[in-house]
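*Asks:* Sending over a structure as structure tokens; questions will come in a sec.
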Amino acid sequence: MTDPDETGSGIDVKGQRVPWPSLSDLLRAKARERGDAHFCEIDGESFSLARLDLLSDRFAAGLRDRGVKAGETVASVLFNCSEQLIGWFGAMKLGAIWTPLNASLNGSDLMHALTDAAARVVIVEPETWERIERLGPDALAPFDFFAARGDCPGLPSFDALLADAPIAERPVSHPGDPAVIIYSGGTTGLPKGIVLSHFAMIAAGLRYREITGAGPGDSHYSTLALFHVGGTQLGILGPMLSDCTTTLDRRFSVSGYWRRVCEVGATIIDPVGTMKTALVQAEPSPDEGRHGVRFAFGITGQVPHSVPRDFTARFGIPLVSIYGLTEAGGALLTSERDGMRGGGCVGKPHGWCELRIADAFDNSLPVGVEGEILMRPLIPFTFMTRYHGNPVATEKVLANQWLHTGDIGKLDDEGNLYFIGRQAHWLRHRGENISAHEVEDIISRHPDVTEVVIVGVPAELGEEDVKAFIIPRGDTFEPETLIRWCMNEMASYKVPRYVQIVTEFPRSATKREVERAKLKAMGNAEVWDREAVMGRVSGQARGG
């Protein structure tokens, strides 16, 4: 492959010429093609591609006027809103790296993300600024905050970053240039910033078009967050590349979901695992039988096996099972395209990457044997570039020239991938990846805790709830006191639901490592349950 020249000759993907070396080139080309035709509604605000192109140009010029340079990071702490969309494309038009932080972050993990991202300009909103402000003036001194979606006392508004004149010249981008940093839970330690190139993001949009067969007559509906690759790639880039329309709401609502699907005329939807479970278990809605949806992404990892079947039977929508992860470029790395097999089958990579099921030494395992899923790109610039500021972790995850996913799976004799689950130190709750080590590190700072181990236990809606095993310090330990402290120290989705007091942990005879599988098997019948005592923690990234 050769670098694209200044005429935009593009690069080849599976025998087809892709003419856009960068996301800004893609937006500019699509704005010229579709002009003022409606493209997107986000949290109630409508955008044509031409309007998005103009406003993001003005945002790029505003960043430039404040001294932001190509290669620097620009961050946001926002739920889905128009400013998130404008900021994303505007930063990239300047050659800066857009870094959308999880809007549910709080306390220690919020401070870590802000510091690690090292962005001077940070876009916030009242709902997130309240938590950011509690970090204190000394911690916030290095950042210039701007307020979107309303007034944050003492902060200039987002509109102050929109220059009167759009940026005149945009830097020439290479497809491998960094475009975004997405923070995702890892197997150990604090969340890592995953750097994805312009072409990694474009490739996800190409996969969307390839898998869905979407075109100008289609309409996508999503409640996935734009601080995850699911929202950016399925909710925005896929529809943009497919010349269809899209609607993104601020949050997921069980009671209002089918009403919104019908209102926007959706033909494609993307509810992730626990969303599907909640919809299947919900009371019947008069709208659920009059939708026009023809395609739903089957993101069903770690939900009850009956959910995909019940979803299709109740709503009449076929599910297409898929698999992906941010480090591998995001969504849709594998997909089923010839009917669902069930049993965790997520299909084949269809020319996008190689797969290997490996043992602890990266040796390839036979068909049907479970091991870690390893992946390797077949198309340049489509996997992560690196972990931001973390060369040691980058080298580890890319050991032996394979991306180590941390997921467990197997292959059948036709090359189909079956997703089994996640490794012991990594759990998934309400669509969010959580590092057990990160939660343990925070809770271990509490003065009443001697030692803590975090595991995931099956949740009623699928995926997992967070459970803390505590060896207390002294005899006055109160679970509710600890949990209320946790609410100020970590994102709400990481706060343990269950707390079990123990005197010791089961450990292996050789390495004396905690045997987490034995802890997971203990059950929750006689343990302290936050939801029974305090109700559900508010402020989840996805509401009900």
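Residues are referred to by chain and number: the chain letter is A, B, ... according to the order shown in the structure tokens, the number counts from 1 in that chain, and ligands are numbered separately from 1 in the order shown.
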May I have all residues of region 71-117 of chain A that DSSP, computed from the backbone, assigns to alpha helix (DSSP H), given as an NGL selection string?

*Replies:* :A and (82-93 or 107-117)

*Asks:* To test your reading of the structure, identify every residue in region 206-396 of chain A that backbone DSSP assigns to strand (DSSP E or B), and report it as a count of residues only.

*Replies:* 47

*Asks:* When you draw a straight line from CA of Leu417 (chain A) to CA of Gly431 (chain A), how long is it in Å?

*Replies:*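 So the answer is 20.9 Å.
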
*Asks:* Which neighbours of region 389-394 of chain A fall inside 9 Å, counting only C-alpha atoms, when residues of the same chain fewer than 3 positions from it are skipped, and could you give them as a list in words?

*Replies:*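 Selected residues are Asp116, Ala117, Lys192, Gly193, Thr385, Arg386, Val397, Leu398 and Ala399 of chain A.
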
*Asks:* For the atom pair CA of Lys518 (chain A) and CA of Met490 (chain A), what is the interatomic distance in Å to one decimal place?

*Replies:*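 These two atoms are separated by 26.1 Å.
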
*Asks:* Work out how far CA of Trp426 (chain A) is from CA of Leu206 (chain A), in Å to one decimal.

*Replies:*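 Between these atoms lies a distance of 29.4 Å.
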
*Asks:* Do you have, as a tab-separated table, the list of residues of region 418-473 of chain A lying at most 10 Å from region 495-504 of chain A, each with its nearest atom pair and that distance in Å to one decimal, counting only C-alpha atoms and ordered by chain then number?

*Replies:*
residue	atom	partner	partner_atom	distance
A:Val439	CA	A:Val495	CA	8.1
A:Ile443	CA	A:Val495	CA	9.8
A:Glu451	CA	A:Glu504	CA	9.1
A:Val452	CA	A:Ile501	CA	9.5
A:Ile454	CA	A:Pro496	CA	8.3
A:Val455	CA	A:Pro496	CA	9.4
A:Gly456	CA	A:Pro496	CA	9.4
A:Val457	CA	A:Tyr498	CA	9.2
A:Asp465	CA	A:Arg497	CA	6.4
A:Val466	CA	A:Pro496	CA	4.6
A:Lys467	CA	A:Tyr498	CA	4.6
A:Ala468	CA	A:Val499	CA	4.8
A:Phe469	CA	A:Gln500	CA	4.9
A:Ile470	CA	A:Ile501	CA	4.9
A:Ile471	CA	A:Val502	CA	5.4
A:Pro472	CA	A:Ile501	CA	7.1

*Asks:* Near region 309-313 of chain A, counting only C-alpha atoms, which residues have an atom at most 9 Å away, once you skip same-chain residues fewer than 2 positions from it, shown as number ranges by chain?

*Replies:* A: 276-277, 279-280, 305-307, 315-319, 342

*Asks:* Mind checking which residues fall within 10 Å of Asp65 (chain A), counting only C-alpha atoms, ignoring those fewer than 3 positions away in the same chain, and posting them as an MDAnalysis selection string?

*Replies:* chainID A and resid 59:62 68:69 161:163 167

*Asks:* So, with only C-alpha atoms as the atoms that count, which of A:Lys348, A:Arg251, A:Lys410, A:His388 lies closest to Val367 (chain A)?

*Replies:* A:Lys410

*Asks:* Name all residues at most 10 Å from Thr232 (chain A) (count only C-alpha atoms; drop same-chain ones fewer than 5 positions away) and give them as a PDB file with N, CA and C atoms, in the first residue's frame.

*Replies:*
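Generated output (selection00.pdb):
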ATOM      1  N   LEU A  85     -20.481  16.042  19.298  1.00  0.00           N
ATOM      2  CA  LEU A  85     -20.304  15.768  17.873  1.00  0.00           C
ATOM      3  C   LEU A  85     -19.458  16.844  17.201  1.00  0.00           C
ATOM      4  N   TRP A  88     -15.757  16.639  18.444  1.00  0.00           N
ATOM      5  CA  TRP A  88     -15.064  15.479  17.894  1.00  0.00           C
ATOM      6  C   TRP A  88     -14.489  15.791  16.516  1.00  0.00           C
ATOM      7  N   MET A 201     -11.068   4.300  12.531  1.00  0.00           N
ATOM      8  CA  MET A 201     -12.450   4.731  12.687  1.00  0.00           C
ATOM      9  C   MET A 201     -13.212   4.600  11.371  1.00  0.00           C
ATOM     10  N   ALA A 204     -14.201   0.983  10.656  1.00  0.00           N
ATOM     11  CA  ALA A 204     -15.385   0.524  11.379  1.00  0.00           C
ATOM     12  C   ALA A 204     -16.652   0.919  10.646  1.00  0.00           C
ATOM     13  N   GLY A 205     -16.666   2.125  10.080  1.00  0.00           N
ATOM     14  CA  GLY A 205     -17.811   2.537   9.280  1.00  0.00           C
ATOM     15  C   GLY A 205     -17.976   1.698   8.033  1.00  0.00           C
ATOM     16  N   LEU A 224     -26.287   4.464  22.433  1.00  0.00           N
ATOM     17  CA  LEU A 224     -24.918   4.196  22.864  1.00  0.00           C
ATOM     18  C   LEU A 224     -24.166   5.514  23.039  1.00  0.00           C
ATOM     19  N   ALA A 225     -23.265   5.550  24.008  1.00  0.00           N
ATOM     20  CA  ALA A 225     -22.570   6.786  24.360  1.00  0.00           C
ATOM     21  C   ALA A 225     -21.450   7.090  23.370  1.00  0.00           C
ATOM     22  N   LEU A 226     -21.273   8.354  23.055  1.00  0.00           N
ATOM     23  CA  LEU A 226     -20.219   8.793  22.147  1.00  0.00           C
ATOM     24  C   LEU A 226     -18.851   8.811  22.810  1.00  0.00           C
ATOM     25  N   PHE A 227     -18.762   8.473  24.098  1.00  0.00           N
ATOM     26  CA  PHE A 227     -17.423   8.304  24.694  1.00  0.00           C
ATOM     27  C   PHE A 227     -16.955   6.853  24.596  1.00  0.00           C
ATOM     28  N   LEU A 237     -20.501   7.013  12.371  1.00  0.00           N
ATOM     29  CA  LEU A 237     -19.676   6.758  11.187  1.00  0.00           C
ATOM     30  C   LEU A 237     -20.310   5.750  10.240  1.00  0.00           C
ATOM     31  N   GLY A 238     -20.931   4.705  10.772  1.00  0.00           N
ATOM     32  CA  GLY A 238     -21.608   3.754   9.902  1.00  0.00           C
ATOM     33  C   GLY A 238     -22.678   4.415   9.054  1.00  0.00           C
ATOM     34  N   GLY A 330     -12.279  -1.282  17.396  1.00  0.00           N
ATOM     35  CA  GLY A 330     -13.660  -1.002  17.750  1.00  0.00           C
ATOM     36  C   GLY A 330     -14.622  -2.102  17.382  1.00  0.00           C
ATOM     37  N   ALA A 331     -15.711  -1.724  16.753  1.00  0.00           N
ATOM     38  CA  ALA A 331     -16.843  -2.622  16.557  1.00  0.00           C
ATOM     39  C   ALA A 331     -16.706  -3.483  15.309  1.00  0.00           C
TER      40      ALA A 331
END
